[in-house]
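Asks: Pasting entry.pdb below, which is PDB, C-alpha atoms and all ligand atoms.
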```
MODEL        1
ATOM      1  CA  MET A   1     131.311 168.011  81.647
ATOM      2  CA  PRO A   2     134.214 166.027  83.115
ATOM      3  CA  LEU A   3     132.418 166.225  86.474
ATOM      4  CA  GLU A   4     129.209 164.898  84.936
ATOM      5  CA  LEU A   5     131.105 162.120  83.153
ATOM      6  CA  GLY A   6     132.717 161.175  86.473
ATOM      7  CA  GLN A   7     129.278 161.004  88.144
ATOM      8  CA  ASP A   8     127.935 158.895  85.297
ATOM      9  CA  TYR A   9     130.921 156.621  85.624
ATOM     10  CA  LYS A  10     130.281 156.239  89.371
ATOM     11  CA  ILE A  11     126.597 155.510  88.812
ATOM     12  CA  ILE A  12     127.395 152.948  86.099
ATOM     13  CA  ASN A  13     130.122 151.430  88.234
ATOM     14  CA  THR A  14     127.745 151.112  91.219
ATOM     15  CA  LEU A  15     125.078 149.637  88.946
ATOM     16  CA  ILE A  16     127.508 147.056  87.534
ATOM     17  CA  LYS A  17     128.594 146.102  91.063
ATOM     18  CA  LYS A  18     124.959 145.677  92.130
ATOM     19  CA  ILE A  19     124.214 143.557  89.057
ATOM     20  CA  MET A  20     127.328 141.482  89.744
ATOM     21  CA  ASN A  21     126.245 141.040  93.385
ATOM     22  CA  ILE A  22     122.757 139.940  92.314
ATOM     23  CA  ARG A  23     124.292 137.646  89.679
ATOM     24  CA  ASN A  24     126.716 136.180  92.222
ATOM     25  CA  PHE A  25     123.843 135.734  94.639
ATOM     26  CA  PHE A  26     121.852 133.748  92.072
ATOM     27  CA  ILE A  27     124.922 131.696  91.134
ATOM     28  CA  LEU A  28     125.411 130.938  94.826
ATOM     29  CA  ILE A  29     121.750 129.873  95.156
ATOM     30  CA  ILE A  30     122.075 127.584  92.102
ATOM     31  CA  VAL A  31     125.287 126.043  93.474
ATOM     32  CA  ILE A  32     123.693 125.461  96.914
ATOM     33  CA  ALA A  33     120.593 123.903  95.299
ATOM     34  CA  ALA A  34     122.744 121.634  93.128
ATOM     35  CA  LEU A  35     124.888 120.577  96.094
ATOM     36  CA  THR A  36     121.810 119.911  98.269
ATOM     37  CA  SER A  37     120.198 117.843  95.530
ATOM     38  CA  TRP A  38     123.425 115.888  94.965
ATOM     39  CA  HIS A  39     123.798 115.345  98.726
ATOM     40  CA  CYS A  40     120.186 114.104  99.104
ATOM     41  CA  SER A  41     120.403 111.781  96.088
ATOM     42  CA  SER A  42     123.739 110.459  97.383
ATOM     43  CA  LEU A  43     122.239 109.848 100.814
ATOM     44  CA  LYS A  44     119.368 107.901  99.235
ATOM     45  CA  LYS A  45     121.888 105.616  97.517
ATOM     46  CA  ILE A  46     123.939 105.031 100.642
ATOM     47  CA  ASN A  47     122.977 101.945 102.586
ATOM     48  CA  LEU A  48     124.028 102.363 106.204
ATOM     49  CA  PHE A  49     123.442  98.640 106.800
ATOM     50  CA  SER A  50     126.226  96.129 106.184
ATOM     51  CA  ILE A  51     125.732  92.764 104.452
ATOM     52  CA  GLU A  52     126.046  91.115 107.881
ATOM     53  CA  ASP A  53     123.308  93.429 109.228
ATOM     54  CA  ASP A  54     121.000  92.385 106.365
ATOM     55  CA  LYS A  55     121.607  88.731 107.191
ATOM     56  CA  ALA A  56     121.067  89.220 110.932
ATOM     57  CA  LEU A  57     117.867  91.222 110.412
ATOM     58  CA  GLY A  58     116.510  88.632 107.959
ATOM     59  CA  LEU A  59     117.242  85.824 110.405
ATOM     60  CA  GLN A  60     115.445  87.613 113.260
ATOM     61  CA  VAL A  61     112.431  88.334 111.044
ATOM     62  CA  SER A  62     112.299  84.746 109.777
ATOM     63  CA  ASN A  63     112.375  83.502 113.406
ATOM     64  CA  GLU A  64     109.464  85.816 114.227
ATOM     65  CA  ILE A  65     107.495  84.561 111.205
ATOM     66  CA  GLN A  66     108.142  80.981 112.322
ATOM     67  CA  THR A  67     106.408  81.677 115.659
ATOM     68  CA  ALA A  68     103.591  83.894 114.311
ATOM     69  CA  SER A  69     101.686  80.945 112.855
ATOM     70  CA  SER A  70      98.245  82.574 112.908
ATOM     71  CA  GLU A  71      99.384  85.434 110.702
ATOM     72  CA  TYR A  72     101.908  83.430 108.677
ATOM     73  CA  PRO A  73     100.669  79.799 108.551
ATOM     74  CA  LEU A  74     103.691  78.073 107.001
ATOM     75  CA  LEU A  75     102.959  75.091 104.764
ATOM     76  CA  LEU A  76     104.389  72.044 106.512
ATOM     77  CA  GLU A  77     107.452  70.562 104.830
ATOM     78  CA  SER A  78     106.246  67.116 105.813
ATOM     79  CA  GLY A  79     103.785  65.913 103.184
ATOM     80  CA  ASN A  80     104.587  68.849 100.880
ATOM     81  CA  GLN A  81     108.148  67.982  99.868
ATOM     82  CA  GLU A  82     107.343  68.039  96.146
ATOM     83  CA  VAL A  83     105.962  71.564  96.324
ATOM     84  CA  TYR A  84     108.964  72.751  98.333
ATOM     85  CA  THR A  85     111.385  71.001  95.972
ATOM     86  CA  TYR A  86     109.634  72.615  92.992
ATOM     87  CA  ILE A  87     109.961  76.157  94.321
ATOM     88  CA  ARG A  88     113.471  75.668  95.702
ATOM     89  CA  ASN A  89     114.640  74.288  92.347
ATOM     90  CA  ILE A  90     113.348  77.446  90.673
ATOM     91  CA  THR A  91     115.228  79.531  93.266
ATOM     92  CA  ASN A  92     118.449  77.558  92.818
ATOM     93  CA  ASN A  93     118.265  77.820  89.021
ATOM     94  CA  ILE A  94     118.026  81.607  89.375
ATOM     95  CA  LEU A  95     120.819  81.760  91.972
ATOM     96  CA  ASN A  96     123.040  79.709  89.656
ATOM     97  CA  SER A  97     122.436  82.081  86.718
ATOM     98  CA  GLY A  98     125.704  83.829  87.607
ATOM     99  CA  ASN A  99     123.984  87.203  87.941
ATOM    100  CA  VAL A 100     122.957  87.255  91.618
ATOM    101  CA  LYS A 101     125.474  89.489  93.392
ATOM    102  CA  HIS A 102     124.932  88.168  96.920
ATOM    103  CA  LYS A 103     124.392  84.529  95.939
ATOM    104  CA  ASP A 104     127.009  83.324  98.427
ATOM    105  CA  ASP A 105     126.320  85.961 101.098
ATOM    106  CA  PHE A 106     122.616  85.553 101.803
ATOM    107  CA  ALA A 107     120.565  82.654 103.176
ATOM    108  CA  TRP A 108     118.183  82.285 100.195
ATOM    109  CA  GLN A 109     115.746  80.300 102.272
ATOM    110  CA  VAL A 110     112.312  79.746 100.716
ATOM    111  CA  LYS A 111     109.137  79.084 102.746
ATOM    112  CA  ILE A 112     105.566  78.732 101.567
ATOM    113  CA  ILE A 113     102.708  80.405 103.449
ATOM    114  CA  ASP A 114      99.544  78.313 103.351
ATOM    115  CA  ASP A 115      96.964  80.925 102.430
ATOM    116  CA  PRO A 116      95.117  80.180  99.174
ATOM    117  CA  GLU A 117      93.303  83.520  99.197
ATOM    118  CA  THR A 118      96.410  85.716  99.169
ATOM    119  CA  LEU A 119      98.236  86.593  95.956
ATOM    120  CA  ASN A 120     101.559  87.607  97.396
ATOM    121  CA  ALA A 121     105.246  86.895  97.895
ATOM    122  CA  PHE A 122     107.865  88.862  99.803
ATOM    123  CA  ALA A 123     111.563  88.738 100.622
ATOM    124  CA  THR A 124     113.261  89.962 103.789
ATOM    125  CA  PRO A 125     116.768  91.434 103.845
ATOM    126  CA  GLY A 126     119.366  88.672 103.731
ATOM    127  CA  GLY A 127     117.356  86.487 101.328
ATOM    128  CA  TYR A 128     114.476  84.883 103.263
ATOM    129  CA  ILE A 129     111.723  84.485 100.681
ATOM    130  CA  TYR A 130     108.053  83.767 101.369
ATOM    131  CA  VAL A 131     105.556  82.675  98.712
ATOM    132  CA  TYR A 132     101.832  82.270  99.341
ATOM    133  CA  THR A 133     100.021  79.168  98.086
ATOM    134  CA  GLY A 134      97.434  81.581  96.610
ATOM    135  CA  LEU A 135     100.098  82.940  94.268
ATOM    136  CA  ILE A 136     101.337  79.515  93.141
ATOM    137  CA  LYS A 137      97.757  78.449  92.375
ATOM    138  CA  PHE A 138      96.983  81.714  90.595
ATOM    139  CA  LEU A 139      99.913  81.456  88.175
ATOM    140  CA  ASP A 140      99.661  79.580  84.869
ATOM    141  CA  SER A 141     103.233  78.409  84.430
ATOM    142  CA  GLU A 142     106.637  77.749  85.962
ATOM    143  CA  ASP A 143     107.999  80.624  83.819
ATOM    144  CA  GLU A 144     105.633  83.081  85.501
ATOM    145  CA  LEU A 145     106.539  81.779  88.957
ATOM    146  CA  ALA A 146     110.249  82.020  88.098
ATOM    147  CA  GLY A 147     109.632  85.619  86.976
ATOM    148  CA  VAL A 148     108.115  86.476  90.387
ATOM    149  CA  MET A 149     110.900  84.654  92.239
ATOM    150  CA  GLY A 150     113.454  86.585  90.165
ATOM    151  CA  HIS A 151     111.700  89.820  91.124
ATOM    152  CA  GLU A 152     111.733  88.954  94.862
ATOM    153  CA  ILE A 153     115.346  87.740  94.747
ATOM    154  CA  ALA A 154     116.237  91.066  93.119
ATOM    155  CA  HIS A 155     114.645  93.085  95.958
ATOM    156  CA  ALA A 156     116.822  91.183  98.472
ATOM    157  CA  ASP A 157     119.947  91.084  96.287
ATOM    158  CA  LEU A 158     119.745  94.830  95.548
ATOM    159  CA  ARG A 159     119.002  95.430  99.251
ATOM    160  CA  HIS A 160     115.942  97.582  98.562
ATOM    161  CA  SER A 161     114.268  96.799 101.940
ATOM    162  CA  THR A 162     117.085  97.969 104.169
ATOM    163  CA  ARG A 163     117.624 101.076 102.044
ATOM    164  CA  GLN A 164     113.987 102.021 102.513
ATOM    165  CA  MET A 165     113.628 100.859 106.120
ATOM    166  CA  THR A 166     116.646 102.706 107.466
ATOM    167  CA  SER A 167     114.920 105.939 106.444
ATOM    168  CA  SER A 168     111.583 104.829 108.025
ATOM    169  CA  TYR A 169     112.771 103.330 111.318
ATOM    170  CA  GLY A 170     116.324 104.602 111.768
ATOM    171  CA  VAL A 171     119.497 102.545 111.796
ATOM    172  CA  SER A 172     119.611 102.100 115.591
ATOM    173  CA  THR A 173     116.137 100.477 115.777
ATOM    174  CA  LEU A 174     116.899  98.121 112.894
ATOM    175  CA  LEU A 175     120.274  97.191 114.368
ATOM    176  CA  ALA A 176     118.625  96.528 117.745
ATOM    177  CA  VAL A 177     116.176  94.146 116.015
ATOM    178  CA  ALA A 178     118.993  92.537 113.999
ATOM    179  CA  THR A 179     121.040  91.850 117.133
ATOM    180  CA  GLY A 180     118.070  90.663 119.232
ATOM    181  CA  ASN A 181     118.212  93.686 121.532
ATOM    182  CA  ALA A 182     114.941  95.374 120.614
ATOM    183  CA  SER A 183     111.661  95.481 122.545
ATOM    184  CA  ASP A 184     108.825  93.178 121.395
ATOM    185  CA  GLY A 185     106.975  96.235 120.130
ATOM    186  CA  ALA A 186     109.894  97.340 117.965
ATOM    187  CA  VAL A 187     110.324  93.799 116.588
ATOM    188  CA  GLN A 188     106.628  93.602 115.650
ATOM    189  CA  GLN A 189     106.795  97.034 114.070
ATOM    190  CA  VAL A 190     109.795  96.100 111.929
ATOM    191  CA  LEU A 191     108.270  92.715 111.036
ATOM    192  CA  SER A 192     105.041  94.281 109.781
ATOM    193  CA  GLY A 193     107.136  96.980 108.107
ATOM    194  CA  ILE A 194     109.098  94.384 106.139
ATOM    195  CA  THR A 195     106.106  92.279 105.137
ATOM    196  CA  SER A 196     104.019  95.278 104.060
ATOM    197  CA  LEU A 197     106.861  97.440 102.780
ATOM    198  CA  LYS A 198     105.740  99.459  99.791
ATOM    199  CA  PHE A 199     108.556  99.653  97.267
ATOM    200  CA  SER A 200     109.099 102.734  95.126
ATOM    201  CA  ARG A 201     108.346 102.530  91.414
ATOM    202  CA  ASN A 202     112.080 102.921  90.736
ATOM    203  CA  HIS A 203     112.827  99.867  92.871
ATOM    204  CA  GLU A 204     110.029  97.990  91.097
ATOM    205  CA  THR A 205     111.488  98.783  87.689
ATOM    206  CA  GLU A 206     114.934  97.759  88.927
ATOM    207  CA  ALA A 207     113.609  94.440  90.303
ATOM    208  CA  ASP A 208     111.814  93.778  86.978
ATOM    209  CA  THR A 209     115.038  94.441  85.049
ATOM    210  CA  TYR A 210     117.046  92.120  87.276
ATOM    211  CA  SER A 211     114.384  89.411  87.016
ATOM    212  CA  VAL A 212     115.006  89.469  83.241
ATOM    213  CA  ASN A 213     118.801  89.430  83.761
ATOM    214  CA  TYR A 214     118.626  86.513  86.211
ATOM    215  CA  LEU A 215     116.274  84.427  84.053
ATOM    216  CA  CYS A 216     118.077  85.093  80.770
ATOM    217  CA  ASN A 217     120.575  82.252  81.231
ATOM    218  CA  THR A 218     118.157  79.752  82.756
ATOM    219  CA  LYS A 219     115.617  77.339  81.330
ATOM    220  CA  TYR A 220     112.877  79.923  81.992
ATOM    221  CA  ASP A 221     111.411  82.598  79.725
ATOM    222  CA  ALA A 222     113.419  85.763  80.576
ATOM    223  CA  ALA A 223     110.148  87.736  80.439
ATOM    224  CA  GLY A 224     108.392  85.345  82.837
ATOM    225  CA  ALA A 225     107.520  88.246  85.149
ATOM    226  CA  ALA A 226     105.600  89.950  82.309
ATOM    227  CA  GLY A 227     103.137  87.049  82.156
ATOM    228  CA  PHE A 228     102.592  87.313  85.898
ATOM    229  CA  PHE A 229     102.064  91.089  85.860
ATOM    230  CA  ARG A 230      99.751  90.870  82.839
ATOM    231  CA  LYS A 231      97.607  88.345  84.644
ATOM    232  CA  ILE A 232      97.600  90.000  88.085
ATOM    233  CA  SER A 233      96.852  93.449  86.627
ATOM    234  CA  GLY A 234      93.620  92.059  85.246
ATOM    235  CA  SER A 235      92.315  91.118  88.713
ATOM    236  CA  SER A 236      89.075  92.816  89.738
ATOM    237  CA  SER A 237      90.347  93.803  93.219
ATOM    238  CA  THR A 238      93.886  94.991  94.034
ATOM    239  CA  PRO A 239      95.908  91.907  95.021
ATOM    240  CA  GLN A 240      98.226  92.332  98.014
ATOM    241  CA  PHE A 241     101.256  91.957  95.738
ATOM    242  CA  LEU A 242     100.344  95.113  93.812
ATOM    243  CA  SER A 243      99.708  97.139  96.980
ATOM    244  CA  THR A 244     103.320  96.546  98.075
ATOM    245  CA  HIS A 245     104.864  96.328  94.582
ATOM    246  CA  PRO A 246     103.225  99.296  92.783
ATOM    247  CA  ASN A 247     102.984  99.039  89.000
ATOM    248  CA  PRO A 248     105.381 101.305  87.094
ATOM    249  CA  ASP A 249     104.022 102.611  83.754
ATOM    250  CA  ASN A 250     104.149 100.140  80.839
ATOM    251  CA  ARG A 251     105.550  97.438  83.100
ATOM    252  CA  VAL A 252     104.674  94.423  80.941
ATOM    253  CA  GLU A 253     105.937  96.084  77.737
ATOM    254  CA  ASN A 254     109.183  97.156  79.436
ATOM    255  CA  ILE A 255     109.924  93.654  80.737
ATOM    256  CA  GLU A 256     109.242  92.147  77.296
ATOM    257  CA  LYS A 257     111.397  94.800  75.578
ATOM    258  CA  LYS A 258     114.307  94.173  77.973
ATOM    259  CA  ALA A 259     114.080  90.420  77.404
ATOM    260  CA  ALA A 260     113.860  90.861  73.611
ATOM    261  CA  ALA A 261     116.937  93.136  73.632
ATOM    262  CA  LYS A 262     119.045  90.374  75.180
ATOM    263  CA  THR A 263     120.031  87.122  73.547
ATOM    264  CA  CYS A 264     118.431  84.763  76.032
ATOM    265  CA  SER A 265     117.953  81.044  75.816
ATOM    266  CA  PRO A 266     114.298  80.133  75.118
ATOM    267  CA  SER A 267     112.112  78.513  77.751
ATOM    268  CA  THR A 268     112.237  74.739  77.905
ATOM    269  CA  THR A 269     109.590  74.360  80.620
ATOM    270  CA  THR A 270     106.105  72.956  80.141
ATOM    271  CA  VAL A 271     102.962  73.774  82.074
ATOM    272  CA  THR A 272     102.461  70.108  82.965
ATOM    273  CA  GLU A 273     104.719  70.183  86.010
ATOM    274  CA  HIS A 274     103.256  73.473  87.230
ATOM    275  CA  ASN A 275      99.708  72.120  86.940
ATOM    276  CA  ARG A 276     100.732  68.968  88.805
ATOM    277  CA  ILE A 277     102.135  71.066  91.679
ATOM    278  CA  LYS A 278      98.934  73.117  91.753
ATOM    279  CA  GLN A 279      96.928  69.913  92.071
ATOM    280  CA  LEU A 280      99.067  68.909  95.081
ATOM    281  CA  LEU A 281      98.046  72.122  96.839
ATOM    282  CA  LYS A 282      94.317  71.385  96.582
TER     283      LYS A 282
HETATM  284 ZN    ZN A 301     108.596  94.441  93.814
ENDMDL
END
```
Starting from the coordinates I provided, produce the structure as structure tokens.

Replies:
Amino acid sequence: MPLELGQDYKIINTLIKKIMNIRNFFILIIVIAALTSWHCSSLKKINLFSIEDDKALGLQVSNEIQTASSEYPLLLESGNQEVYTYIRNITNNILNSGNVKHKDDFAWQVKIIDDPETLNAFATPGGYIYVYTGLIKFLDSEDELAGVMGHEIAHADLRHSTRQMTSSYGVSTLLAVATGNASDGAVQQVLSGITSLKFSRNHETEADTYSVNYLCNTKYDAAGAAGFFRKISGSSSTPQFLSTHPNPDNRVENIEKKAAAKTCSPSTTTVTEHNRIKQLLK
């Protein structure tokens, strides 16, 4: 009997050790998976570009846009001062809201692209913002336009483009473009990458939230972007803006909820000025 008990003990002991090994193995797998996931999510949040790099890249891209007049026909400042003043005043009101982190770091230069058929706006790293005449004419109010400008300012201020582009093109290519040391091909590639960059839905939601935050302390309706997205979502074809700024679920409702949850000053704008500016573009 004692012999048999000893054998049983050995068998049980071996079994327990095996179970412990298997258990430890699974614990190890779980720990590795957790660490990998944490590492990847941390990497996604890290921006390898500096603020100066954002500014330099934006400047290079804006210089390229200036010379690529067939693709980006800029509305002349001469003869269109009122339109430029209108959109730059909106930008300055947002910048002076006290909520734009890189207000004093970035260029915040606004240019209008003379293309009445295109419903779009985009911002480069470093705060160079481009708005199409098609978008200004499409919108019904200054509040809606301010909502879109807030959204674009947020993409630049939160540095979404460089975060996404460093993973697409690599830091060395982007730095070469930023410092003027890249080939023409690389510059063109990065330029078209920036102007057609498709943001993630998370970045879209973040830009919507910041648009509300920026507009909250201005003369505009904090939910101005909701009016724009409600209108553009009803378009029969997919406007260019929505192909690069994909709609998160319940976007309009979420913007309105965020604005309602804050104590924001009500809009004091009228549509008269917006309609007058639209007439100037005809
Ligand atoms: Zn967007």

Asks: What is the distance, in Å and to one decimal place, between CA of Arg163 in chain A and CA of Ser211 in chain A?

Replies: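 Taking CA of Arg163 in chain A and CA of Ser211 in chain A, their separation equals 19.3 Å.
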
Asks: Please return as an NGL selection string every residue within 8 Å of (111.4, 87.4, 100.4), taking into account all atoms listed in the file and the file's own coordinates.

Replies: :A and (110 or 121-125 or 127-131 or 152-153 or 155-156)

Asks: Under the PyMOL selection byres (((chain A and resi 275) around 10) and not hetatm), which residues of this model are included? Write them out as a PyMOL selection string.

Replies: chain A and resi 136-137+139-142+270-274+276-280

Asks: Hey, what comes out of the PyMOL selection byres (((not hetatm)) within 9 of (chain A and resi 301)) on this file? Could you write it as a PyMOL selection string?

Replies: chain A and resi 122+148+151-152+154-155+198-201+203-208+241-242+244-247

Asks: Measuring atom to atom with all atoms listed in the file, identify which of A:Leu135, A:Val100, A:Ile90, A:Leu174 is nearest to Asp114 in chain A.

Replies: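 Selected residue with least distance to Asp114 in chain A: A:Leu135.
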
Asks: Looking at A:Asn202, A:Ser69, A:Thr133, A:Gln60, which one is nearest to Val190 in chain A, with distances taken over all atoms listed in the file?

Replies: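 Ranked by minimum distance to Val190 in chain A, first place goes to A:Gln60.
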
Asks: Using all atoms listed in the file, which of A:Ile232, A:Ala107, A:Val252, A:Ala56 sits nearest Val212 in chain A?

Replies: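 That would be A:Val252, the residue with the smallest distance to Val212 in chain A.
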
Asks: Write out as a list in words which residues come within 7 Å of Val61 in chain A when counting all atoms listed in the file, dropping same-chain ones fewer than 4 positions away.

Replies: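 Residues meeting the cut-off are Leu57, Ile65 and Leu191 of chain A.
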